[in-house]
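Source file: work.tsv. Holds: TSV, C-alpha atoms.
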chain	number	residue	atom	x	y	z
A	1	MET	CA	0.00	0.00	0.00
A	2	LYS	CA	1.33	3.39	-1.00
A	3	GLN	CA	0.68	6.37	1.32
A	4	ALA	CA	-0.07	9.83	-0.01
A	5	ALA	CA	2.50	12.55	0.70
A	6	ALA	CA	1.37	15.13	3.25
A	7	GLU	CA	1.47	18.76	2.18
A	8	VAL	CA	2.89	21.33	4.56
A	9	ALA	CA	2.04	25.01	4.28
A	10	VAL	CA	4.76	27.44	5.37
A	11	THR	CA	3.88	31.04	6.14
A	12	VAL	CA	6.64	33.64	6.05
A	13	ARG	CA	5.95	37.04	7.54
A	14	THR	CA	7.95	39.75	5.85
A	15	THR	CA	6.47	42.81	7.50
A	16	ALA	CA	8.66	44.10	10.31
A	17	THR	CA	8.15	47.18	12.41
A	18	PRO	CA	11.06	49.57	11.85
A	19	CYS	CA	13.17	50.61	14.82
A	20	THR	CA	13.04	54.30	15.72
A	21	ALA	CA	15.81	56.14	17.56
A	22	VAL	CA	14.48	58.69	20.02
A	23	ARG	CA	16.74	61.32	21.57
A	24	ARG	CA	16.19	61.47	25.37
A	25	GLU	CA	18.26	64.14	27.13
A	26	ASP	CA	16.23	63.69	30.33
A	27	LEU	CA	17.50	60.12	30.96
A	28	VAL	CA	20.89	59.00	32.25
A	29	PRO	CA	22.12	55.54	31.14
A	30	VAL	CA	22.84	52.86	33.76
A	31	CYS	CA	25.85	50.50	33.73
A	32	PRO	CA	24.63	46.94	33.02
A	33	HIS	CA	27.27	45.57	35.42
A	34	CYS	CA	27.22	47.76	38.55
A	35	GLN	CA	23.86	49.52	38.02
A	36	THR	CA	25.43	52.98	38.58
A	37	GLU	CA	24.10	55.94	36.61
A	38	LEU	CA	26.49	57.01	33.87
A	39	PRO	CA	26.60	60.75	33.22
A	40	GLU	CA	29.76	59.90	31.24
A	41	ILE	CA	31.30	56.80	29.66
A	42	HIS	CA	35.03	56.29	29.40
A	43	MET	CA	36.70	55.15	26.21
A	44	ARG	CA	40.21	54.10	25.30
A	45	GLN	CA	41.80	53.71	21.90
A	46	MET	CA	43.19	50.29	21.07
A	47	GLN	CA	45.84	49.75	18.42
A	48	GLY	CA	45.30	47.07	15.84
A	49	PRO	CA	48.01	44.86	14.37
A	50	PHE	CA	50.89	46.91	12.99
A	51	GLY	CA	49.20	50.08	14.29
A	52	VAL	CA	46.51	49.90	11.59
A	53	GLY	CA	42.95	50.91	12.37
A	54	ARG	CA	41.40	52.88	15.17
A	55	ALA	CA	39.31	50.77	17.49
A	56	PHE	CA	37.88	51.87	20.82
A	57	VAL	CA	36.76	50.11	23.97
A	58	PHE	CA	33.97	51.76	25.97
A	59	PHE	CA	33.83	51.07	29.72
A	60	CYS	CA	32.14	52.14	32.95
A	61	PRO	CA	34.12	54.76	34.93
A	62	HIS	CA	32.96	53.17	38.22
A	63	CYS	CA	33.51	49.41	37.84
A	64	ARG	CA	35.69	49.68	34.67
A	65	LYS	CA	33.92	46.72	33.01
A	66	THR	CA	33.72	46.77	29.24
A	67	MET	CA	30.43	47.93	27.79
A	68	GLY	CA	31.29	47.68	24.11
A	69	PHE	CA	33.72	48.10	21.24
A	70	GLY	CA	33.64	50.36	18.22
A	71	ALA	CA	35.61	51.68	15.29
A	72	GLN	CA	36.00	55.30	14.41
A	73	TRP	CA	33.80	56.16	11.47
A	74	TYR	CA	33.76	59.88	12.18
A	75	PRO	CA	36.19	62.17	14.04
A	76	PHE	CA	35.74	62.40	17.78
A	77	PRO	CA	36.16	65.92	19.21
A	78	TRP	CA	39.61	65.46	20.81
Just give me the structure as structure tokens.
Amino acid sequence: MKQAAAEVAVTVRTTATPCTAVRREDLVPVCPHCQTELPEIHMRQMQGPFGVGRAFVFFCPHCRKTMGFGAQWYPFPW
């Protein structure tokens, strides 16, 4: 006896809600590690291999734990 193949319907949702950036000058960020308010975030430049590239590490001034990394795509005011 031969069984019939079952059909499976797959639904793909392609509509996504876009993310909106909202400037909030009334809020102060909080360190995810020590939960201290951050009126400022410290950053330090890291040298890549052979001195090529400008990468930065961003860290909490209170607990000094790393909060992120970034590359310079625009000039910082310093």
Could you give me, as JSON lines, every range 12-45 of chain A residue with an atom at most 6 Å from range 55-74 of chain A, plus its closest atom pair and distance in Å to one decimal, counting only C-alpha atoms, rows ordered by chain then number?
{"residue": "A:Ile41", "atom": "CA", "partner": "A:Cys60", "partner_atom": "CA", "distance": 5.8}
{"residue": "A:His42", "atom": "CA", "partner": "A:Phe59", "partner_atom": "CA", "distance": 5.4}
{"residue": "A:Met43", "atom": "CA", "partner": "A:Phe58", "partner_atom": "CA", "distance": 4.4}
{"residue": "A:Arg44", "atom": "CA", "partner": "A:Val57", "partner_atom": "CA", "distance": 5.4}
{"residue": "A:Gln45", "atom": "CA", "partner": "A:Phe56", "partner_atom": "CA", "distance": 4.5}
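Note that CA of Glu37 in chain A and CA of Arg24 in chain A are 14.8 Å apart.
The two atoms in question, CA of Asp26 in chain A and CA of Glu40 in chain A, are spaced 14.1 Å apart.
Relative to CA of Val22 in chain A, CA of Pro39 in chain A is found at 18.0 Å.
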